[in-house]
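Undergrad: Before I ask anything, let me first share the structure, which is written out below as structure tokens.
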Amino acid sequence: MIDTVVKETWSRIRDRLREEIGERFYEMWFDRSSILGLKRGVLSIGVPNLFIREWVEEHYGPVLDRLSSDEIGAPVRMAFRVDPALFREMRKETERIEEVVDAADPVEGKTLDSFVLTPGNEMAVRALRHVAAGKQPSMNPLVMWGPEGVGKSHMATAVSSLVPEGTTLYRATGEEFARRFAWNLKTRKISRFREQVGGAGILVLDDAQELSGKSATQRELASLVQDLKARGGQFVAFLDRHPKEVPEFEEVFRSVLISGMLQSIDPPVREEALRILEGLLASARRRIPTSVVETVVDRCGGSVARLDRLIRKVYAFAGLTGEPVDEAFLDRHLDEIAGPSDPEERRLETILALVEEHFDIDRQDLLSKRKTKVFSIPRGLVVYMLREHAGLTYKEIGRQLGDRSHTSVYLMYKKYSDIIPADPDMMALVREAGRRLISAGG
């Protein structure tokens with residue numbers, strides 16, 4: 001049961017929010033919301049689906065944090081969750097709009113039969129079929145890399161449908177593997193964990209770059225892969241770049257990755273991307289006009305995964321506004337839904353949003369020329385990431401950050417290029433920025 005005081009507090013926050021953002025936007029994003037509880041400084045709010053949750057977090061999170069802290073009289077953070085009751089209620093109201101996004105598509109059950117072959121992925125698919133069938137010559141390990149949206153996770157999932165009956169498969173993402181290793185180590189079940197992994201017929205590791213900086217996990221995995229190979233097992237890994245380009249890989253783990261068959265997966269060209277997107281949308285039973293898909297591809301670009309999410313967001317947004325998705329709708333709303341179309345603006349927006357989110361600061365303060373100590377680290381991270389991820393000159397970075405001089409930008413970069421690589425938390429942010437930039441097509 002939700003405390004009456006908490007309910008009344010949320011009601012007052014909503015009233016203030018309505019005044020601040022206006023009736024139209026309030027009804028669109030907050031009319032269907034619920035209070036789930038207040039615990040340990042976190043006010044949990046229920047929303048109908050994942051799309052609304054992501055939109056509210058991105059566009060209204062700081063405003064709500066401020067209003068809730070004002071009302072409660074102490075620092076409070078908002079957390080948004082999908083409320084099953086609201087989900088069912090909205091689902092009934094929007095059944096006529098097939099394209100409304102309510103959840104991410106599951107990856108289970110994907111096979112290579114539904115995978116669209118392109119010149120950029122054909123060799124990778126052949127190699128995967130080859131090792132899954134246990135054919136010679138050996139390709140062990142098989143390591144494939146490419147940016148987000150080229151189908152790596154699809155292929156990683158498809159392995160289960162390729163292996164011969166009776167072959168034991170162990171599949172995990174880099175993050176899942178690290179978490180399982182840590183848990184089994186902590187609970188003193190590491191021997192059983194090692195038997196499961198090292199004794200598998202095929203070990204598949206998706207997003208292996210997520211092990212960057214996790215030295216103990218990398219060393220453990222390198223040892224397990226050697227045991228697995230000695231028993232005749234196969235190791236398959238997927239990364240977002242060549243193993244030599246992933247920072248903070250232990251040499252022993254990097255050596256394992258580059259000791260076998262390495263195969264790049266190249267992004268599809270426009271026509272190939274359209275075919276892949278139409279296949280994804282058809283599998284999700286969404287009847288979306290080709291003209292809409294083409295417009296989003298031409299105006300927004302980026303990986304197939306990003307474009308797929310954008311198209312679904314377009315229809316989710318239309319479901320909320322009640323507008324038909326036509327050229328006029330895209331002209332009015334696509335920039336708002338997709339963010340900046342210019343790659344340079346998109347890179348800057350992605351990095352600034354991540355730093356703002358992590359340090360809970362306003363963009364105006366971040367970009368101001370006030371020499372306040374609390375902003376020095378966030379600004380240093382922005383400069384470092386624009387230099388490392390975007391390859392911008394000091395002059396270009398200065399222009400994007402409020403017309404700072406290239407000398408001040410250089411001195412900032414020089415200072416933080418020593419500090420950031422030595423700080424695991426900062427490097428985690430740098431890696432997250434890289435992932436978001438790939439997703440955003442930057």
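The way I read the labels, and the way they are meant: chains A, B, ... in the order of the structure tokens, residue 1 as the first residue of every chain, and ligand 1 as the first ligand shown, with later ones counted on from there.
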Output as a list in words all residues of stretch 22-83 of chain A that backbone DSSP marks as strand (DSSP E).

TA: Ser34, Ile35, Leu36, Gly37, Leu38, Lys39, Val42, Leu43, Ser44, Ile45, Gly46, Val47, Arg77, Met78, Ala79, Phe80, Arg81 and Val82 of chain A

Undergrad: Any idea what's packed within 10 Å of stretch 3-8 of chain A, counting only C-alpha atoms, ignoring anything in its chain fewer than 2 positions away? Could you give it as an NGL selection string?

TA: :A and (1 or 10-14 or 34-38 or 43 or 72)

Undergrad: Residues within 9 Å of A:Glu122, please, as a list in words. Count only C-alpha atoms; anything in the same chain fewer than 5 positions from it doesn't count.

TA: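 Listing them by chain and then by number gives Leu117, Ala127 and Ile265 of chain A.
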
Undergrad: How would the residues just chosen look if you wrote them out with C-alpha atoms as a tab-separated table (two decimals), in the first residue's frame?

TA:
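Writing the result to again.tsv gives the following:
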chain	number	residue	atom	x	y	z
A	117	LEU	CA	23.06	-11.91	-46.07
A	127	ALA	CA	32.66	-19.12	-40.76
A	265	ILE	CA	31.60	-7.71	-40.23

Undergrad: Pick out each residue of stretch 29-226 of chain A that DSSP on the backbone tags as alpha helix (DSSP H); I need them as a PDB file with C-alpha atoms, in the first residue's frame.

TA:
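Okay, this is what ended up in selection_12.pdb:
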ATOM      1  CA  TRP A  29       3.834  11.918 -21.160  1.00  0.00           C
ATOM      2  CA  PHE A  30       2.457  12.025 -17.604  1.00  0.00           C
ATOM      3  CA  LEU A  50       9.601   1.253 -22.181  1.00  0.00           C
ATOM      4  CA  PHE A  51       9.346   3.964 -24.811  1.00  0.00           C
ATOM      5  CA  ILE A  52       7.648   6.388 -22.431  1.00  0.00           C
ATOM      6  CA  ARG A  53      10.122   5.504 -19.680  1.00  0.00           C
ATOM      7  CA  GLU A  54      13.128   6.248 -21.919  1.00  0.00           C
ATOM      8  CA  TRP A  55      11.595   9.473 -23.229  1.00  0.00           C
ATOM      9  CA  VAL A  56      10.676  10.797 -19.792  1.00  0.00           C
ATOM     10  CA  GLU A  57      14.111   9.935 -18.354  1.00  0.00           C
ATOM     11  CA  GLU A  58      15.870  11.662 -21.227  1.00  0.00           C
ATOM     12  CA  HIS A  59      13.710  14.779 -21.562  1.00  0.00           C
ATOM     13  CA  TYR A  60      12.210  15.382 -18.105  1.00  0.00           C
ATOM     14  CA  GLY A  61      14.460  13.567 -15.617  1.00  0.00           C
ATOM     15  CA  PRO A  62      16.350  16.643 -14.298  1.00  0.00           C
ATOM     16  CA  VAL A  63      13.128  18.694 -14.032  1.00  0.00           C
ATOM     17  CA  LEU A  64      11.412  15.969 -12.031  1.00  0.00           C
ATOM     18  CA  ASP A  65      14.441  15.459  -9.771  1.00  0.00           C
ATOM     19  CA  ARG A  66      14.421  19.176  -8.981  1.00  0.00           C
ATOM     20  CA  LEU A  67      10.660  19.392  -8.370  1.00  0.00           C
ATOM     21  CA  SER A  68      10.587  16.283  -6.188  1.00  0.00           C
ATOM     22  CA  SER A  69      13.554  17.484  -4.107  1.00  0.00           C
ATOM     23  CA  ASP A  70      11.825  20.862  -3.636  1.00  0.00           C
ATOM     24  CA  GLU A  71       8.593  19.225  -2.515  1.00  0.00           C
ATOM     25  CA  ILE A  72      10.180  16.694  -0.176  1.00  0.00           C
ATOM     26  CA  PRO A  84       2.016  -3.715 -15.527  1.00  0.00           C
ATOM     27  CA  ALA A  85      -1.421  -2.259 -14.791  1.00  0.00           C
ATOM     28  CA  LEU A  86      -0.718   0.852 -16.867  1.00  0.00           C
ATOM     29  CA  PHE A  87       0.810  -1.299 -19.600  1.00  0.00           C
ATOM     30  CA  ARG A  88      -2.375  -3.400 -19.876  1.00  0.00           C
ATOM     31  CA  GLU A  89      -4.581  -0.324 -19.758  1.00  0.00           C
ATOM     32  CA  MET A  90      -2.673   1.466 -22.527  1.00  0.00           C
ATOM     33  CA  ARG A  91      -2.455  -1.726 -24.570  1.00  0.00           C
ATOM     34  CA  LYS A  92      -6.239  -1.931 -24.689  1.00  0.00           C
ATOM     35  CA  GLU A  93      -6.508   1.698 -25.740  1.00  0.00           C
ATOM     36  CA  GLU A 122      28.591 -13.262 -45.754  1.00  0.00           C
ATOM     37  CA  MET A 123      32.090 -14.491 -44.798  1.00  0.00           C
ATOM     38  CA  ALA A 124      31.262 -14.204 -41.082  1.00  0.00           C
ATOM     39  CA  VAL A 125      28.093 -16.276 -41.519  1.00  0.00           C
ATOM     40  CA  ARG A 126      30.002 -18.938 -43.459  1.00  0.00           C
ATOM     41  CA  ALA A 127      32.665 -19.122 -40.762  1.00  0.00           C
ATOM     42  CA  LEU A 128      30.018 -19.447 -38.036  1.00  0.00           C
ATOM     43  CA  ARG A 129      28.299 -22.310 -39.838  1.00  0.00           C
ATOM     44  CA  HIS A 130      31.692 -23.940 -40.377  1.00  0.00           C
ATOM     45  CA  VAL A 131      32.740 -23.985 -36.705  1.00  0.00           C
ATOM     46  CA  ALA A 132      29.266 -24.810 -35.372  1.00  0.00           C
ATOM     47  CA  LYS A 152      26.492  -9.802 -34.068  1.00  0.00           C
ATOM     48  CA  SER A 153      23.953 -10.565 -31.330  1.00  0.00           C
ATOM     49  CA  HIS A 154      21.674 -12.233 -33.880  1.00  0.00           C
ATOM     50  CA  MET A 155      24.537 -14.513 -34.917  1.00  0.00           C
ATOM     51  CA  ALA A 156      25.513 -15.201 -31.305  1.00  0.00           C
ATOM     52  CA  THR A 157      21.955 -16.312 -30.575  1.00  0.00           C
ATOM     53  CA  ALA A 158      21.709 -18.332 -33.796  1.00  0.00           C
ATOM     54  CA  VAL A 159      24.556 -20.629 -32.724  1.00  0.00           C
ATOM     55  CA  SER A 160      22.124 -22.650 -30.590  1.00  0.00           C
ATOM     56  CA  SER A 161      20.213 -23.692 -33.720  1.00  0.00           C
ATOM     57  CA  LEU A 162      23.415 -24.678 -35.557  1.00  0.00           C
ATOM     58  CA  GLY A 174      30.814 -10.078 -21.584  1.00  0.00           C
ATOM     59  CA  GLU A 175      28.888  -8.358 -18.804  1.00  0.00           C
ATOM     60  CA  GLU A 176      26.960 -11.536 -17.923  1.00  0.00           C
ATOM     61  CA  PHE A 177      30.129 -13.609 -17.875  1.00  0.00           C
ATOM     62  CA  ALA A 178      31.878 -11.148 -15.539  1.00  0.00           C
ATOM     63  CA  ARG A 179      28.865 -11.102 -13.217  1.00  0.00           C
ATOM     64  CA  ARG A 180      28.595 -14.897 -13.126  1.00  0.00           C
ATOM     65  CA  PHE A 181      32.315 -15.273 -12.479  1.00  0.00           C
ATOM     66  CA  ALA A 182      32.217 -12.778  -9.602  1.00  0.00           C
ATOM     67  CA  TRP A 183      29.138 -14.404  -8.054  1.00  0.00           C
ATOM     68  CA  ASN A 184      30.549 -17.932  -8.237  1.00  0.00           C
ATOM     69  CA  LEU A 185      33.846 -16.726  -6.795  1.00  0.00           C
ATOM     70  CA  LYS A 186      32.047 -14.971  -3.947  1.00  0.00           C
ATOM     71  CA  ILE A 190      33.996 -21.445  -8.756  1.00  0.00           C
ATOM     72  CA  SER A 191      34.870 -25.096  -9.442  1.00  0.00           C
ATOM     73  CA  ARG A 192      31.380 -25.814 -10.767  1.00  0.00           C
ATOM     74  CA  PHE A 193      31.505 -22.622 -12.859  1.00  0.00           C
ATOM     75  CA  ARG A 194      34.822 -23.655 -14.398  1.00  0.00           C
ATOM     76  CA  GLU A 195      33.453 -27.084 -15.238  1.00  0.00           C
ATOM     77  CA  GLN A 196      30.406 -25.552 -16.957  1.00  0.00           C
ATOM     78  CA  VAL A 197      32.416 -23.140 -19.072  1.00  0.00           C
ATOM     79  CA  GLY A 198      35.554 -25.154 -19.774  1.00  0.00           C
ATOM     80  CA  SER A 215      41.588  -8.051 -15.470  1.00  0.00           C
ATOM     81  CA  ALA A 216      40.762 -10.989 -13.199  1.00  0.00           C
ATOM     82  CA  THR A 217      37.805 -12.026 -15.376  1.00  0.00           C
ATOM     83  CA  GLN A 218      39.927 -11.827 -18.541  1.00  0.00           C
ATOM     84  CA  ARG A 219      42.650 -14.010 -17.043  1.00  0.00           C
ATOM     85  CA  GLU A 220      40.063 -16.524 -15.858  1.00  0.00           C
ATOM     86  CA  LEU A 221      38.415 -16.659 -19.275  1.00  0.00           C
ATOM     87  CA  ALA A 222      41.756 -17.052 -21.053  1.00  0.00           C
ATOM     88  CA  SER A 223      42.524 -20.059 -18.868  1.00  0.00           C
ATOM     89  CA  LEU A 224      39.068 -21.559 -19.394  1.00  0.00           C
ATOM     90  CA  VAL A 225      39.338 -21.163 -23.170  1.00  0.00           C
ATOM     91  CA  GLN A 226      42.641 -23.031 -23.154  1.00  0.00           C
TER      92      GLN A 226
END

Undergrad: Could you check the closest approach to A:Ile351 for each of A:Leu205, A:Cys300, A:Met144, A:Leu386 and tell me which residue wins, using only C-alpha atoms?

TA: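 Selected residue with least distance to A:Ile351: A:Leu386.
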
Undergrad: As a JSON list (two decimals) with N, CA and C atoms, in the first residue's frame, please: the residues near stretch 398-407 of chain A (cut-off 12 Å, only C-alpha atoms, same-chain neighbours under 6 positions excluded).

TA:
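Writing done, so here's selection-v2.json:
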[["chain", "number", "residue", "atom", "x", "y", "z"],
["A", 344, "GLU", "N", 28.23, 15.32, -36.47],
["A", 344, "GLU", "CA", 29.02, 16.07, -35.50],
["A", 344, "GLU", "C", 28.16, 16.49, -34.32],
["A", 345, "GLU", "N", 26.96, 17.00, -34.61],
["A", 345, "GLU", "CA", 26.04, 17.39, -33.54],
["A", 345, "GLU", "C", 25.62, 16.18, -32.72],
["A", 346, "ARG", "N", 25.42, 15.05, -33.42],
["A", 346, "ARG", "CA", 24.98, 13.84, -32.72],
["A", 346, "ARG", "C", 26.06, 13.35, -31.75],
["A", 347, "ARG", "N", 27.32, 13.43, -32.18],
["A", 347, "ARG", "CA", 28.41, 13.02, -31.29],
["A", 347, "ARG", "C", 28.45, 13.90, -30.05],
["A", 348, "LEU", "N", 28.39, 15.22, -30.28],
["A", 348, "LEU", "CA", 28.43, 16.15, -29.15],
["A", 348, "LEU", "C", 27.26, 15.92, -28.21],
["A", 349, "GLU", "N", 26.06, 15.77, -28.78],
["A", 349, "GLU", "CA", 24.86, 15.57, -27.97],
["A", 349, "GLU", "C", 24.97, 14.29, -27.14],
["A", 351, "ILE", "N", 27.69, 12.70, -26.07],
["A", 351, "ILE", "CA", 28.69, 12.83, -25.01],
["A", 351, "ILE", "C", 28.21, 13.76, -23.91],
["A", 352, "LEU", "N", 27.64, 14.91, -24.29],
["A", 352, "LEU", "CA", 27.15, 15.85, -23.28],
["A", 352, "LEU", "C", 26.04, 15.23, -22.43],
["A", 363, "ARG", "N", 23.42, 21.51, -18.53],
["A", 363, "ARG", "CA", 24.27, 21.79, -19.68],
["A", 363, "ARG", "C", 24.80, 23.22, -19.66],
["A", 364, "GLN", "N", 23.96, 24.14, -19.22],
["A", 364, "GLN", "CA", 24.38, 25.54, -19.17],
["A", 364, "GLN", "C", 25.62, 25.70, -18.28],
["A", 365, "ASP", "N", 25.63, 24.98, -17.15],
["A", 365, "ASP", "CA", 26.79, 25.04, -16.25],
["A", 365, "ASP", "C", 27.99, 24.33, -16.87],
["A", 366, "LEU", "N", 27.71, 23.20, -17.52],
["A", 366, "LEU", "CA", 28.79, 22.42, -18.12],
["A", 366, "LEU", "C", 29.53, 23.21, -19.20],
["A", 367, "LEU", "N", 28.77, 23.97, -20.00],
["A", 367, "LEU", "CA", 29.36, 24.69, -21.11],
["A", 367, "LEU", "C", 29.76, 26.13, -20.76],
["A", 368, "SER", "N", 29.43, 26.56, -19.55],
["A", 368, "SER", "CA", 29.78, 27.93, -19.17],
["A", 368, "SER", "C", 31.29, 28.05, -18.96],
["A", 369, "LYS", "N", 31.76, 29.28, -18.91],
["A", 369, "LYS", "CA", 33.20, 29.52, -18.72],
["A", 369, "LYS", "C", 33.54, 29.82, -17.27],
["A", 370, "ARG", "N", 32.56, 29.55, -16.38],
["A", 370, "ARG", "CA", 32.83, 29.74, -14.96],
["A", 370, "ARG", "C", 33.86, 28.73, -14.48],
["A", 379, "ARG", "N", 33.97, 18.60, -17.50],
["A", 379, "ARG", "CA", 34.45, 19.24, -18.72],
["A", 379, "ARG", "C", 35.66, 18.52, -19.28],
["A", 380, "GLY", "N", 36.54, 18.08, -18.39],
["A", 380, "GLY", "CA", 37.71, 17.33, -18.84],
["A", 380, "GLY", "C", 37.31, 16.04, -19.54],
["A", 382, "VAL", "N", 34.46, 15.52, -21.18],
["A", 382, "VAL", "CA", 33.89, 15.88, -22.48],
["A", 382, "VAL", "C", 35.01, 16.13, -23.49],
["A", 383, "VAL", "N", 36.02, 16.90, -23.09],
["A", 383, "VAL", "CA", 37.14, 17.18, -23.99],
["A", 383, "VAL", "C", 37.86, 15.89, -24.37],
["A", 386, "LEU", "N", 35.64, 13.80, -26.79],
["A", 386, "LEU", "CA", 35.55, 14.38, -28.13],
["A", 386, "LEU", "C", 36.86, 14.18, -28.89],
["A", 387, "ARG", "N", 37.96, 14.22, -28.16],
["A", 387, "ARG", "CA", 39.26, 14.01, -28.80],
["A", 387, "ARG", "C", 39.47, 12.53, -29.15],
["A", 392, "LEU", "N", 38.42, 15.05, -32.93],
["A", 392, "LEU", "CA", 38.36, 16.47, -33.25],
["A", 392, "LEU", "C", 39.65, 17.18, -32.86],
["A", 413, "TYR", "N", 42.91, 18.83, -22.07],
["A", 413, "TYR", "CA", 43.12, 17.46, -22.57],
["A", 413, "TYR", "C", 44.41, 16.87, -22.01],
["A", 414, "LYS", "N", 45.47, 17.68, -22.02],
["A", 414, "LYS", "CA", 46.76, 17.19, -21.52],
["A", 414, "LYS", "C", 46.64, 16.74, -20.07]]

Undergrad: Which of these, A:Met28, A:Ile337, A:Leu330, A:Leu381, has the shortest distance to A:Asp425 once you count only C-alpha atoms?

TA: A:Leu381

Undergrad: Would you mind reading off the distance between atom CA of A:His358 and atom CA of A:Gly41, one decimal, in Å?

TA: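 According to the coordinates, atom CA of A:His358 and atom CA of A:Gly41 are separated by 17.1 Å.
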
Undergrad: Grab the atom CA of A:Gly120 to atom CA of A:Ser264 distance for me, in Å with one decimal place.

TA: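 We find that atom CA of A:Gly120 and atom CA of A:Ser264 lie 8.2 Å from each other.
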